[in-house]
Each structure stands twice: as structure tokens, then as C-alpha cells.
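Novice: Pasting in a structure now, in C-alpha cells, and then I'll have a few things to ask.
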4 protein chains.
Amino acid sequence: MRLPMDIDLNADVGESFGPWPMGDDTRLIPLVSSVNVACGFHAGDPATIERTVRLAVAAGAAVGAHPGYPDLGGFGRRELTMPAAELEAAILYQVAAVAAFARDAGVELHHVKAHGALYNAAARDDAIAETVARAARRWSRDVVLYGLAGSRLLDAGRAAGLAVAAEAFPDRAYEADGSLRSRSRPDAMLTDSATVASRAVSMARDRRIVAVDGSTVELSAQTLCLHGDTPGAAEHAAAVRAALEAAGIGVQTVARG
Amino acid sequence: MRLPMDIDLNADVGESFGPWPMGDDTRLIPLVSSVNVACGFHAGDPATIERTVRLAVAAGAAVGAHPGYPDLGGFGRRELTMPAAELEAAILYQVAAVAAFARDAGVELHHVKAHGALYNAAARDDAIAETVARAARRWSRDVVLYGLAGSRLLDAGRAAGLAVAAEAFPDRAYEADGSLRSRSRPDAMLTDSATVASRAVSMARDRRIVAVDGSTVELSAQTLCLHGDTPGAAEHAAAVRAALEAAGIGVQTVARG
Amino acid sequence: MRLPMDIDLNADVGESFGPWPMGDDTRLIPLVSSVNVACGFHAGDPATIERTVRLAVAAGAAVGAHPGYPDLGGFGRRELTMPAAELEAAILYQVAAVAAFARDAGVELHHVKAHGALYNAAARDDAIAETVARAARRWSRDVVLYGLAGSRLLDAGRAAGLAVAAEAFPDRAYEADGSLRSRSRPDAMLTDSATVASRAVSMARDRRIVAVDGSTVELSAQTLCLHGDTPGAAEHAAAVRAALEAAGIGVQTVARG
Amino acid sequence: MRLPMDIDLNADVGESFGPWPMGDDTRLIPLVSSVNVACGFHAGDPATIERTVRLAVAAGAAVGAHPGYPDLGGFGRRELTMPAAELEAAILYQVAAVAAFARDAGVELHHVKAHGALYNAAARDDAIAETVARAARRWSRDVVLYGLAGSRLLDAGRAAGLAVAAEAFPDRAYEADGSLRSRSRPDAMLTDSATVASRAVSMARDRRIVAVDGSTVELSAQTLCLHGDTPGAAEHAAAVRAALEAAGIGVQTVARG
């Protein structure tokens, strides 16, 4: 049972591909309570998945799958219109692959979190949300479905009988309506570690955040995402973790369904 | 318990990719007792895997994974020198993906059979044979490892604690030493259905076959492979099946370990 | 100089990939006056391009490039949101590759025609139309830009200083506003060869076509597309060619700029 | 006309892919006289090629194509057995793509240098050497073919009527027979900038080098390769350039054929 003042910290990891490294997983993973492992369609490859899952298990972080569109060249950040049945099969395929390496390392897959353009599409589009939820549910009734706080995906996950975790982003600016400020805006990303850490505490303890227009947005999140592929990612993560602990907030993964 | 006069018929299936169909799985699958489903690295894609696995389950054929080298353009028939750890991870990844669709369709993965250049490499190279066997074993101690009769892969599979099935090819010519005649030779493939069927009966019942030089080769096989991507594949399969049944030989999949 | 009663017949060719054949290029190419060769991003591969270009040169058909989105699994039929600069580079890359095989076979690249989802996006979206036109123009001021009759792409091509060719589809149903009936509608494709041939004559000679609601649509086209990947494609092409010739309409490629 | 005391410095560049950067091309390119641009098969993508070619043209470095095996996941460093005709088409395709961006940026393609496993195969295998030379020659009789000093590829290039440039590696250890020490040996790579610079001067001026066993190897090279993907690559390059200039040796690209 998770106590009210606990929060999950998650990070996207395993985003290297073949000869190309990405992120600083070795430093980042010990700072979070759950990781989302790229599955090979937008990033990652079998050997990277294996290595990343083992790092996570060694650090005690819960292992999740991070499926995305089949688009290595665009890192899964480009929208791609896939027929629902193809998308569902593509997600199940990816989840299964990461889950196998989790089981091989001695743990069960903990959660599923969609990546990039698929994450955004599943947040706003009911049909895609249902496709993602259905694919996760086909893998297991016991996985937790991570999704943007307030999004359609969480509804779809609950409807599919899955436990869900609402996610917030301490290093992203929010609009007054609670949506994420578009990355195309120069002030979409927060770069000061102290600010990011302070917003993380506000999200975890006060369940609200100050939007770009100065208004206060209510935000109920069970998990906070820390990016691993941005400059200073590990510094942000360390600052967030320290600030949460200083505020008496435990960092602990979300209970499985 | 498999009776002495039973034999498994297997076929490589699910080799379509995206818009490109291959083979006549709908006709072929009902004629065999086990299928090897391409996993998406040399052929196949998630939606094709899903469709193929469901066809197999509906037909009562045992579902196996058919991992290959990551080489769509070359259909996994080109040799590719991969470091052992990368190859092992790539095989586990592929096996897991097909196994997930099997479980989703209500059955457990029955076997693993390497494809193309990986099949050939695993037959002759101890290190690659051990890599394939280890990857299959990491997936499950209960899968059967299919491999060329008399090959190193069968030794490696047994050493890894797996049940193995020795495979023979009724539509391929054999050398006097029991090896397959190279596909680069014009007479490597047998194209007459009656001949193929007759050789299948000889392999199953007499456990021997006539080689290209006219000599007789002893050959102990538990499974016979029927190709699905050659002209007349379904005709060959139907002829083989009919001939086996006429000879009182049951067509039945290999018992799991 | 093209006479008024001449028309170009074009076909999408070279859509095989690795081990997977598609279309019947050997029969189709001699029936058309220009071909659009897949460039390896949504279909095709270097050896297929080489073989296809040689077939076209031998048959006297003008060689064009048929660039598409980088999406083999979806055959370039899925929408993909690419930044303009990346898309422009991707098109130039593809055009250059096919052009090299044309030059190697003794001819210059004649035209550029976008494929699938890129074709549709360039027909309706000014920014994408300009990107396609700019990429073609960067390759050469002498290529002809093929595009849907009445589409934004033709405007963009003219603005870029390129010769353009308006394209119509004898085997597709049209709406009363001159747009193509969506492929999601069951009556989008015409399957009777005689009907397709008769519509081709009407398009070439009368410059109009009967829409699905029975109204007549004015349509000025310099080139008619014959599909190669549909059942009966070669039959349609032969019927169209014969009907045009019987009507005294010459089949001849569009003059270069 | 190249003076006796001039030498070409080349570097492999453009090896980023999609979201994954590699190398420090911005620093490296101004230090060399010619660059080998990855073509998209083992590394690189169209936008990366465009950006890299423009950097090279701005810096006055000659632009070459750096074709490799179609193997992104293995960075073209894995051996891949391709039929000769497929390999030749794949090389022509890659060369053409980079050449188009060169022409677009106002220069003609200067040279072709094979990458990774293809480089090594072309150095030792006559058939592959001839395939590489033939593909380069099909692109243009004016490109220079770069290849390992003393290798079969240089013979094949000359036989095909191409100008060739013999290449040596100041940061690699050599065996007594003039071959490169295998990368699998811990002492295969030299990591001290001063040593690398000193060996570069020795290669350029004295046309010899000290092998791992202390013996002296005669080595006639027209171009020296500086790696861009190793730690300290830009430092090595700067040290080599400074040492050559201090020794009165000009850094200048190889004359085209």
C-alpha cells in the first residue's frame, strides 16, 4: 500500500541504439523508482534492453515497457497514422519483448508507458487510448498503465480493468488548462534544477502547479517523469530526489494492480 | 507420448512483411502439425505474427518462433557476424514476441527454430549453436529446440537441458555424408510432389534417404520441414501428408520437454 | 512538342523489396510511356531499382523517381509528420538515388512523383507541396513534377520553375468536386477493364469524367496513372492502351521542362 | 598537381543518425582536407548528410561518399555476405545520394571510401574489391577511390581506370607485414596525441612506420585517416595537423582523376 506522501519517479531509459548511446542511464536509474525501457521500435535494441533491465533490477527500480511508433529515424516523435489493429499488435509485440528481459532478470513487468507521439496521441484520442490500453491488458491484467494526468488514456486504462498512474512533468511548463506547453515554445522546458525540484515537491505534496500565466492548476499525479536525454538530466533527477526526501515525501513505485 | 511411427510436419510461416505477402499460410498451416513463425527481424511484423499465430491455433498446429538475423532486405539468408551477446539478446527478443502472441491466443510457445543463415550457422558452429540454445533456454526450459538432424545445434540444445527435434527436408537433396546439398547446385531442390512425398515416407518410416550419389544415408528425424515459399509448396505439403497417412504414419507434433 | 491528342500513361513500379516481389513490372512497363520508380524508403531496394530502370529504358518508358515517406512497414501509405527540412532532404536523397541508376542506364531522370501519403499531403497542404517542389527543383530544373490534377502541388511546382504534369486516375472514382473518392469507400476503385479504358479515353480526349453522383467533372490531365499492384493491373493497362490507340490518341511521355 | 610533401587528411563524418549524434564534426572537419560522409545505410540520414556536406564545403574539405553495408544496428562493422550484384547496386545508390548533396552544395563528389566491414572485405577479397571499384566507376570516372595502402582494392580501382589513394592510419598499430593490428587486441589503437602526430609525420615524410614488434614497415600513403568517433578525436586531429605543418608538410586533398 502506497502512503499518501509517496510518489513514484520514472525515467525513460534504454534509448541507445546500436552504436549510438543516449542518456546517462547508469547515473539516472539509481535515482528513480521506475523506468520505462525503449523497446526497439523508436529506440533501443535487444542488447540495450537487456543491459538496461539489469541495471534497473540491480537498482531496485520497477521495470516498465515504453512502446512507440516504428520510427527509429524520428525517435517515435513523429505522428504516424497506423490502423488500430496494427498499432495494437505493435504495442503488444514491444511490451512482450521488454517483459521477457524483465522476467529473465527475475522480475515481472511492472508498467507500460507509451512514448513520444504515441503518448501524446493516446492522451487526446479515445480510439488510440483504447488501443494502447487494450494492448497492455492483453499482455497482463497486472501491469500499471502510465499516462498523462487528466488524459483519456487513464480513462481507457481503467475501463480496460488496469491500474493506472497519472503522470506529471516537473521539468515541463503547463498551460492554465492543465495541458503541457508545446515543445515548440521556447519556454516549454524548465532548465533550472532548483525550479524543477521545487515543482516536483509541489506536484507531489500540494497536488498543484503554477501555470505559465501564473494561475494555479490542480494536478493529481502518482508518478513524476524525469527526462534522461536532456542536458543536466542526472542533475535534475538528483535535485528532485533530494528535494522530495527533504520534504518528507517517499520515492516509491506505484503498486501493481 | 509420441508413437514410433508418428512424425511432426513443420513449416516456416508468417513470412509476409507489411504490404508484401509471402507464402500461402492459409492453405499450408492446416496440413502441418507445427509452424515456425517469423519474428519481425528477417520477415514478419506484429500484425502478421498475430494473424499467423491465430491461424495456427485454429488449425491445431503447435506454434514455434523462427528467429533470424536482423536483415529484412536479405530475408535473413545473408551471413551476419554478430557478437554472441548481441545475437543471444536478439534471439530472446524475437522468441518473446512470438510467444506473447501465442499466449494471447491461448497456447504456450512450443518450439524455437532458427531461420536461414542463422539456422545454417547454428548447425555447424559450436559457439553459435550454444548461443541459440542458451537464448531458447532463457525463454523457457519447456520449449523444444528444432535443428538439422546430426547438427551441433542439437548437441547444444541437449547440453542446455532442452528437448530437441532433429529435422529433415523431404524436398532437399542430400550429400552422401548426410549434409544438405548446397542451394547453389541446380539439383538441390526436389520439385516433383510424388518424389517429395515418397522421400518423406522414407525419412519417417525407414529413417534413411538416398543421397545424390545413390548411396543410402541413415537419418533420424523427428520433424520434417515443408517449405512454404516455393512454387507448389501447398501441393508438396498435401502430397506429403497424404503419403504419410497412406503409410500409416501419424502426423503429430513433437512432445514438449 | 506534345500534340493535343497525346497523353502520357504512367505506372508505379519497382515496388518489390528484398525477397518480396510486388507488381508485374515486366508486363506493365511496355504498356506505359513513363514509370515512377520506388526509391527504397517505402518500397524498392538498390537492386530492384537497377533492374526496374533497365526494364524501363529497354521499353522506352521515361524514368521518374517515386519518393515516399521512410516507412517500409506501411508502404508509405501512413501519414508521417516530418519537419520540412528533413522531408526535403529525404526527397532529394531518394530522387538522386533513382537518377543515378537512370544515368547509369543511359538516360536522364525525367520526372518526380510523390508516393502514397506524401502524394496526398502534397496535393492538399501548401507547405508540403512547396517542400516536394523544392526538393525536385534542387535535383534539376529539367525534371517534370507530376501531381494530382487541380492540386496545390502543381501550383508549387510552377512557382518553383518546374514543368508540371497534371495526373488523373482512370481506375478511381471521382467526387463531384473533382477530388478522388476515398479508398475507404467500397466503390473507390473501378475494377472492370472496359470501364477503366473508357474513362481513360474520356479523360484524354474530352478532358472530363463522370463523378460518383452522375455529374460531369472537367479535368485537365497530361498523364494518366495505371496501378500495378492491384488485381488485373496489367489487363487494365492493356485495355487502356488499346482503347486510347483505337481513339486515335497517342501514348507519349510529357515533354521535359 | 600534388607536391611530394603534401598529404591528405581524411575523416569519417556524418555518422549521426536521427536523434543520435556521433562525432564532433564541427570541430573535426576544419582540420582535415577531405571527408567521408556516411550515406544512410550504416549511419547517417538525409538531413545529416545535407548538414555535413555543407560543413565540409564551407571548410573547403573535399566531399567523399562513405558507403557501407545496410546494417544500422551494427554500424556496418558486421560482415554481411551480399551477392555481388546487390552489393554493387547498394554502393552506387549510396554514392549517388551523397553526390547529390555535394552537387547541391556546389561541388562534385571527390572520392569514395568504403566503411567498416566493407572496407576490410574490399581490402582482402578480390571479388569484393572489384565490386566496390565497379560501383564507384559507374558513378563517375573522376572519383578517387580511397583504400588501405597495399590492399587489393587499390589494384581493383586502378584496373577499373580510377585514380586511387592509399590510406594509412596514424592512430592504429601496424603489424610487421604492414597490415593493421586487429582491433580485438588491446594495443590496436594509439591514444596519445603526440604519438599519433609523430606517426603521421613519419607516414607522410618518411613513408614508413614502426610496427608493434619494433621493425620498420615501408608504407606509401597519399591520405591519412583521422577517426572522429574515438575519445580525443578532435585533439588527435589538431595535433596531427600542427605536427605536419611544423614539419613543412602541406595538408591538401588528393587530385581527382
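Ligands are numbered from 1 in the order shown, chains are lettered A, B, ... in the order of the C-alpha cells, and residues start at 1 in each chain.
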Contacts of C:Val53 at 7 Å or less, counting only C-alpha atoms, minus same-chain residues fewer than 2 places along, as a VMD selection string?
Specialist: chain C and resid 49 to 51 55 to 57 63 101 to 102
Novice: Could you pull out all residues of stretch 6-254 of chain A with a DSSP call of helix (DSSP H, G or I) and give them as a ChimeraX atom specification?
Specialist: /A:25-31,46-59,84-104,116-124,126-139,152-159,193-206,233-246
Novice: Please provide as a ChimeraX atom specification all residues within 6 Å of D:Ala197, with the sequence filter that same-chain residues fewer than 3 positions apart are discarded (counting only C-alpha atoms).
Specialist: /D:194,200,239-240,243
Novice: Where in stretch 15-64 of chain A does DSSP assign strand (DSSP E), given as a PyMOL selection string?
Specialist: chain A and resi 34-38+62-64
Novice: Please determine, counting only C-alpha atoms, which residue among B:Arg152, B:Arg199, B:Arg78, B:His66 has the shortest atom-to-atom distance to chain C.
Specialist: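 Nearest to chain C: B:Arg78.
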Novice: Considering only C-alpha atoms, tabulate each residue of chain A that lies at most 8 Å from chain B along with its nearest interatomic pair and the corresponding distance in Å to one decimal; arrange the rows by chain and ascending residue number and present them as a Markdown table.
Specialist:
| residue | atom | partner | partner_atom | distance |
| --- | --- | --- | --- | --- |
| A:Asp45 | CA | B:Ala90 | CA | 8.0 |
| A:Pro46 | CA | B:Ala89 | CA | 5.2 |
| A:Ala47 | CA | B:Glu86 | CA | 5.3 |
| A:Glu50 | CA | B:Ala89 | CA | 6.9 |
| A:Ala85 | CA | B:Ala47 | CA | 7.2 |
| A:Glu86 | CA | B:Ala47 | CA | 5.3 |
| A:Ala89 | CA | B:Pro46 | CA | 5.2 |
| A:Ala90 | CA | B:Pro46 | CA | 5.2 |
| A:Leu92 | CA | B:Ala100 | CA | 7.6 |
| A:Tyr93 | CA | B:Ala97 | CA | 5.1 |
| A:Gln94 | CA | B:Ala97 | CA | 7.3 |
| A:Ala96 | CA | B:Ala97 | CA | 5.4 |
| A:Ala97 | CA | B:Tyr93 | CA | 5.1 |
| A:Val98 | CA | B:Tyr93 | CA | 7.7 |
| A:Ala100 | CA | B:Ala96 | CA | 5.9 |
| A:Phe101 | CA | B:Tyr93 | CA | 7.8 |
| A:Asp104 | CA | B:Arg138 | CA | 6.6 |
| A:Arg138 | CA | B:Asp104 | CA | 6.6 |
| A:Trp139 | CA | B:Ala100 | CA | 7.3 |
Novice: Would you pick out the contacts of A:Leu224 at 7 Å or less, using only C-alpha atoms, so that residues sharing its chain but fewer than 6 positions from it are not included, and give the list as a PyMOL selection string?
Specialist: chain A and resi 8-10+167-170
Novice: Quick one: of C:Met203, C:Ala173, C:Leu109, C:Ala135, who's nearest to C:Ala160, counting only C-alpha atoms?
Specialist: C:Ala135
Novice: From the options B:Arg77, B:Arg207, B:Arg241, B:Arg54, which residue's atoms come nearest to B:Gly116, counting only C-alpha atoms?
Specialist: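 Distance minimum relative to B:Gly116 lands on B:Arg77.
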Novice: Would you pick out the contacts of B:Glu175 at 8 Å or less, using only C-alpha atoms, so that residues sharing its chain but fewer than 5 positions from it are not included, and give the list as a PDB file with N, CA, C and O atoms, in the first residue's frame?
Specialist:
ATOM      1  N   LEU B 180      23.024 -31.348 -46.251  1.00  0.00           N
ATOM      2  CA  LEU B 180      22.137 -30.877 -47.319  1.00  0.00           C
ATOM      3  C   LEU B 180      22.967 -30.432 -48.510  1.00  0.00           C
ATOM      4  O   LEU B 180      24.005 -29.791 -48.348  1.00  0.00           O
ATOM      5  N   ARG B 181      22.520 -30.748 -49.694  1.00  0.00           N
ATOM      6  CA  ARG B 181      23.199 -30.282 -50.907  1.00  0.00           C
ATOM      7  C   ARG B 181      22.986 -28.772 -50.992  1.00  0.00           C
ATOM      8  O   ARG B 181      21.889 -28.266 -50.749  1.00  0.00           O
ATOM      9  N   ALA B 211      21.002 -40.525 -51.169  1.00  0.00           N
ATOM     10  CA  ALA B 211      21.777 -39.312 -51.429  1.00  0.00           C
ATOM     11  C   ALA B 211      21.967 -39.109 -52.931  1.00  0.00           C
ATOM     12  O   ALA B 211      21.590 -39.961 -53.729  1.00  0.00           O
ATOM     13  N   VAL B 212      22.535 -37.962 -53.301  1.00  0.00           N
ATOM     14  CA  VAL B 212      22.691 -37.644 -54.721  1.00  0.00           C
ATOM     15  C   VAL B 212      23.575 -38.632 -55.467  1.00  0.00           C
ATOM     16  O   VAL B 212      23.441 -38.790 -56.675  1.00  0.00           O
ATOM     17  N   ASP B 213      24.476 -39.285 -54.723  1.00  0.00           N
ATOM     18  CA  ASP B 213      25.355 -40.242 -55.412  1.00  0.00           C
ATOM     19  C   ASP B 213      24.753 -41.640 -55.427  1.00  0.00           C
ATOM     20  O   ASP B 213      25.430 -42.592 -55.820  1.00  0.00           O
TER      21      ASP B 213
END
Novice: For stretch 21-23 of chain C, list every protein, DNA or RNA residue within 12 Å, evaluated using only C-alpha atoms, and leave out those in the same chain fewer than 2 positions away; present the list as number ranges by chain.
Specialist: B: 16-23, 73, 229; C: 11-19, 25-29, 38, 43-45, 48, 52, 75, 226-234
Novice: Between atom CA of C:Met82 and atom CA of A:Val37, what is the distance, to one decimal in Å?
Specialist: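 Between atom CA of C:Met82 and atom CA of A:Val37 the gap is 24.5 Å.
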Novice: Do you have the atom CA of C:Val210-atom CA of C:Ala237 distance handy?
Specialist: 20.1 Å
